[in-house]
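Below you'll find the structure, written out as structure tokens, and then a few comments.
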Amino acid sequence: MRLAVIPGDGIGPEVVSEALKVLGEVAPTAETTNYDLGAARWHSTGELLPESVLGELRQHDAILLGAVGDPTVPSGILERGLLLRLRFEMDHHVNLRPARLYPGVRGPLADAGDVDMVVVREGTEGPYAGTGGLLRKDTEHEIATEVSVNTAFGVRRVVADAFNRAEARPRKHLTLVHKTNVLEYAGSLWSRIVEEVSLEHPEVTVAYSHVDAATIHMVTDPSRFDVIVTDNLFGDIITDLAAAVTGGIGLAASGNLDITRRNPSMFEPVHGSAPDIAGQGLADPTAAVLSVALLLDHLGQKEPARRIEASVAFDLATRDQSSPGATQAIGDRLAALVSSNVRTAG
Ligand SMILES: NC(=O)c1ccc[n+]([C@@H]2O[C@H](COP(=O)([O-])OP(=O)(O)OC[C@H]3O[C@@H](n4cnc5c(N)ncnc54)[C@H](O)[C@@H]3O)[C@@H](O)[C@H]2O)c1
Ligand SMILES: CC(C)[C@H](C(=O)O)[C@@H](O)C(=O)O
Ligand SMILES: [Mg+2]
């Protein structure tokens, strides 16, 4: 297994280092190569993602990324020029973001019920496509457009993936989250494709929620969701919310998948570089560790993936919720649990 590792900025290197500690316990023969992409490289060389590095990344089985983004770099440079470029170049069309309330975890909701959902966020289109621009710049009549691009091909492959996932889960329920009451054209395309693909999955029940109402349900009744399929921007927003209601952003993992496997998929926490806590040992590395579990699962390494998930479940069930420990201490605990092969939550 050859893995490319991009620790990135802020808390990225802190959480990735713990994730690699855990990986070392379950897959000691995995080869990792570090790539110093991010703010420091941009400052010293002006480079974000050189073609040669992109070519090298493609030679790996998967990529593990910490986070990018730094207050000393103008907003969007690293996010678009590095992170989104990676997702687009590698055709990471399925952005998979599971959100589960683990036993013992105290979320902010009084009675959240059994929350276990998977958000299938479209990863290469929508308002992220980069289509648009500024007209009459620096005049009082300046116009900014940011066009949401939704192709039938792009929507269908993500909707098909979401239905496949729903069919494989016990509840077999899929919710399309969109804003069809206002985004007429994109909404129509997404709705029609969901309807079409649903015919191939008669066992999957289908619901629809406008994204604004989905944010209500996510807080008042998150257990209603099983698989959610949604566009790139709505998916970005509701997955931070899903993380918050299932114990916090420090627990939320994600995979940017090229389902065709032509390109290496990339795994990363849902969170960013968190400059407000960087360098203080305050970041929870669990999201990065769970991202390694998603990576292993994607590469067919089911047993090590389950071992990591079981260790996280045990740690979450037994940790002091108000004081879970420093970044390294959590990583040490998880590495020890994984090596002792914990199988059940405490
Ligand atoms: N995948 C990525 O690389 C990614 C994702 C989101 C944001 N970003 C970038 O990161 C930078 C900061 O963004 P932001 O502040 O909006 O979002 P953020 O996710 O970095 O932080 C939001 C809040 O969550 C907290 N937090 C985040 N991760 C945590 C962890 N592991 N443990 C405990 N608390 C944690 C932070 O301290 C902060 O209060 C920006 O430059 C943004 O563009 C990058
Ligand atoms: C940093 C940004 C480009 C990214 C996104 O919007 O996809 C982040 O918020 C995420 O959720 O991974
Ligand atoms: Mg986000």
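Identifiers for the structure tokens are assigned positionally: chains receive A, B, ... in sequence, residues are indexed from 1 per chain, and ligands are indexed from 1 in the order shown.
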
Please return as a JSON list (two decimals) with C-alpha atoms, in the first residue's frame the residues found within 10 Å of ligand 2, counting only C-alpha atoms and all ligand atoms.
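Result file follows (selection-v2.json):
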```json
[["chain", "number", "residue", "atom", "x", "y", "z"],
["A", 67, "ALA", "CA", -6.17, 20.46, 6.12],
["A", 68, "VAL", "CA", -5.18, 23.51, 4.14],
["A", 69, "GLY", "CA", -5.77, 27.20, 4.78],
["A", 75, "SER", "CA", -8.57, 33.42, 1.30],
["A", 76, "GLY", "CA", -9.16, 30.96, -1.52],
["A", 77, "ILE", "CA", -5.59, 30.62, -2.79],
["A", 78, "LEU", "CA", -4.85, 27.36, -0.96],
["A", 79, "GLU", "CA", -8.46, 26.21, -0.87],
["A", 80, "ARG", "CA", -8.98, 26.57, -4.61],
["A", 81, "GLY", "CA", -5.43, 26.25, -5.92],
["A", 82, "LEU", "CA", -4.54, 23.22, -3.85],
["A", 83, "LEU", "CA", -7.47, 21.41, -2.21],
["A", 84, "LEU", "CA", -10.16, 21.89, -4.87],
["A", 85, "ARG", "CA", -7.60, 21.45, -7.64],
["A", 87, "ARG", "CA", -10.37, 17.07, -5.96],
["A", 95, "ASN", "CA", -17.47, 13.34, -1.32],
["A", 97, "ARG", "CA", -19.16, 12.16, 4.77],
["A", 121, "ARG", "CA", -21.93, 15.23, -1.43],
["A", 122, "GLU", "CA", -21.23, 15.90, -5.10],
["A", 123, "GLY", "CA", -17.56, 16.87, -5.27],
["A", 124, "THR", "CA", -16.61, 18.38, -8.61],
["A", 128, "TYR", "CA", -17.59, 25.14, -6.88],
["A", 232, "ASN", "CA", -21.37, 20.45, -3.50],
["A", 233, "LEU", "CA", -22.23, 23.62, -1.56],
["A", 234, "PHE", "CA", -25.25, 22.32, 0.34],
["A", 235, "GLY", "CA", -23.17, 19.26, 1.20],
["A", 236, "ASP", "CA", -20.35, 21.41, 2.55],
["A", 237, "ILE", "CA", -22.70, 23.26, 4.86],
["A", 238, "ILE", "CA", -24.84, 20.41, 6.13],
["A", 239, "THR", "CA", -21.83, 18.18, 6.86],
["A", 240, "ASP", "CA", -20.40, 20.72, 9.31],
["A", 254, "SER", "CA", -14.46, 12.16, 4.89],
["A", 255, "GLY", "CA", -13.41, 10.53, 1.67],
["A", 256, "ASN", "CA", -13.10, 12.22, -1.71],
["A", 268, "GLU", "CA", -9.32, 13.98, 5.10],
["A", 269, "PRO", "CA", -11.11, 15.26, 8.18],
["A", 270, "VAL", "CA", -14.15, 17.42, 7.41],
["A", 271, "HIS", "CA", -12.61, 20.20, 9.49],
["A", 272, "GLY", "CA", -10.13, 22.81, 8.35],
["A", 273, "SER", "CA", -6.77, 24.03, 9.59]]
```

Skip A:Ala313 itself and residues of its chain fewer than 2 positions away, then list as an NGL selection string all residues within 10 Å of it, counting only C-alpha atoms. :A and (101-105 or 307-311 or 315-318 or 334 or 342-346)

Those same residues - N, CA and C atoms - I'd like them written as a PDB file, in the first residue's frame.
```pdb
ATOM      1  N   LEU A 101     -23.599   9.295  15.670  1.00  0.00           N
ATOM      2  CA  LEU A 101     -23.492   9.627  17.095  1.00  0.00           C
ATOM      3  C   LEU A 101     -23.057   8.355  17.820  1.00  0.00           C
ATOM      4  N   TYR A 102     -21.795   8.303  18.217  1.00  0.00           N
ATOM      5  CA  TYR A 102     -21.256   7.100  18.863  1.00  0.00           C
ATOM      6  C   TYR A 102     -21.796   6.973  20.283  1.00  0.00           C
ATOM      7  N   PRO A 103     -21.978   5.749  20.765  1.00  0.00           N
ATOM      8  CA  PRO A 103     -22.425   5.551  22.148  1.00  0.00           C
ATOM      9  C   PRO A 103     -21.497   6.287  23.124  1.00  0.00           C
ATOM     10  N   GLY A 104     -22.087   6.988  24.054  1.00  0.00           N
ATOM     11  CA  GLY A 104     -21.306   7.693  25.069  1.00  0.00           C
ATOM     12  C   GLY A 104     -20.992   9.131  24.708  1.00  0.00           C
ATOM     13  N   VAL A 105     -21.136   9.478  23.432  1.00  0.00           N
ATOM     14  CA  VAL A 105     -20.798  10.849  23.024  1.00  0.00           C
ATOM     15  C   VAL A 105     -21.949  11.779  23.355  1.00  0.00           C
ATOM     16  N   ARG A 307     -11.006  -2.408  12.870  1.00  0.00           N
ATOM     17  CA  ARG A 307     -10.254  -2.312  14.130  1.00  0.00           C
ATOM     18  C   ARG A 307     -10.123  -0.859  14.564  1.00  0.00           C
ATOM     19  N   ILE A 308      -9.884   0.014  13.608  1.00  0.00           N
ATOM     20  CA  ILE A 308      -9.765   1.439  13.955  1.00  0.00           C
ATOM     21  C   ILE A 308     -11.109   1.959  14.434  1.00  0.00           C
ATOM     22  N   GLU A 309     -12.172   1.618  13.725  1.00  0.00           N
ATOM     23  CA  GLU A 309     -13.503   2.115  14.131  1.00  0.00           C
ATOM     24  C   GLU A 309     -13.872   1.611  15.523  1.00  0.00           C
ATOM     25  N   ALA A 310     -13.560   0.346  15.803  1.00  0.00           N
ATOM     26  CA  ALA A 310     -13.880  -0.212  17.124  1.00  0.00           C
ATOM     27  C   ALA A 310     -13.074   0.505  18.209  1.00  0.00           C
ATOM     28  N   SER A 311     -11.833   0.843  17.893  1.00  0.00           N
ATOM     29  CA  SER A 311     -10.991   1.535  18.882  1.00  0.00           C
ATOM     30  C   SER A 311     -11.511   2.940  19.139  1.00  0.00           C
ATOM     31  N   ASP A 315     -12.858   4.361  22.634  1.00  0.00           N
ATOM     32  CA  ASP A 315     -12.305   5.585  23.223  1.00  0.00           C
ATOM     33  C   ASP A 315     -13.408   6.611  23.494  1.00  0.00           C
ATOM     34  N   LEU A 316     -14.334   6.730  22.535  1.00  0.00           N
ATOM     35  CA  LEU A 316     -15.404   7.726  22.710  1.00  0.00           C
ATOM     36  C   LEU A 316     -16.351   7.325  23.849  1.00  0.00           C
ATOM     37  N   ALA A 317     -16.509   6.033  24.038  1.00  0.00           N
ATOM     38  CA  ALA A 317     -17.412   5.561  25.094  1.00  0.00           C
ATOM     39  C   ALA A 317     -16.778   5.699  26.468  1.00  0.00           C
ATOM     40  N   THR A 318     -15.455   5.765  26.506  1.00  0.00           N
ATOM     41  CA  THR A 318     -14.789   5.714  27.819  1.00  0.00           C
ATOM     42  C   THR A 318     -14.034   6.998  28.154  1.00  0.00           C
ATOM     43  N   LEU A 334      -5.552   5.839  21.043  1.00  0.00           N
ATOM     44  CA  LEU A 334      -6.130   5.113  19.902  1.00  0.00           C
ATOM     45  C   LEU A 334      -5.135   4.093  19.351  1.00  0.00           C
ATOM     46  N   VAL A 342      -9.016  -3.950  20.324  1.00  0.00           N
ATOM     47  CA  VAL A 342     -10.303  -3.775  21.004  1.00  0.00           C
ATOM     48  C   VAL A 342     -11.421  -3.996  19.993  1.00  0.00           C
ATOM     49  N   ARG A 343     -12.424  -4.759  20.379  1.00  0.00           N
ATOM     50  CA  ARG A 343     -13.490  -5.050  19.410  1.00  0.00           C
ATOM     51  C   ARG A 343     -14.848  -4.506  19.798  1.00  0.00           C
ATOM     52  N   THR A 344     -15.032  -4.161  21.051  1.00  0.00           N
ATOM     53  CA  THR A 344     -16.361  -3.667  21.441  1.00  0.00           C
ATOM     54  C   THR A 344     -16.230  -2.338  22.149  1.00  0.00           C
ATOM     55  N   ALA A 345     -17.264  -1.523  22.018  1.00  0.00           N
ATOM     56  CA  ALA A 345     -17.284  -0.253  22.734  1.00  0.00           C
ATOM     57  C   ALA A 345     -17.466  -0.561  24.218  1.00  0.00           C
ATOM     58  N   GLY A 346     -16.887   0.300  25.096  1.00  0.00           N
ATOM     59  CA  GLY A 346     -16.950   0.046  26.547  1.00  0.00           C
ATOM     60  C   GLY A 346     -18.340   0.244  27.090  1.00  0.00           C
TER      61      GLY A 346
END
```

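The coordinates place atom CA of A:Leu109 at 10.1 Å from atom CA of A:Met218.
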
When DSSP is applied to the backbone of this structure, which of stretch 144-286 of chain A are assigned strand (DSSP E or B)? Write them out as an MDAnalysis selection string. chainID A and resid 144:149 173:178 205:210 227:230 253:257 265:269

Selection near A:Leu299, 9 Å with only C-alpha atoms, sequence-local residues under 5 positions removed, as a ChimeraX atom specification: /A:1,61-62,294

Stretch 13-25 of chain A environment, 6 Å, only C-alpha atoms, sequence neighbours closer than 2 positions dropped, as a ChimeraX atom specification: /A:7,11,27-28,66,285,288-289,331,335,339

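A straight line drawn from atom 15 (O, counted along the ligand's line) of ligand 1 to atom CA of A:Ile6 is 18.9 Å long.
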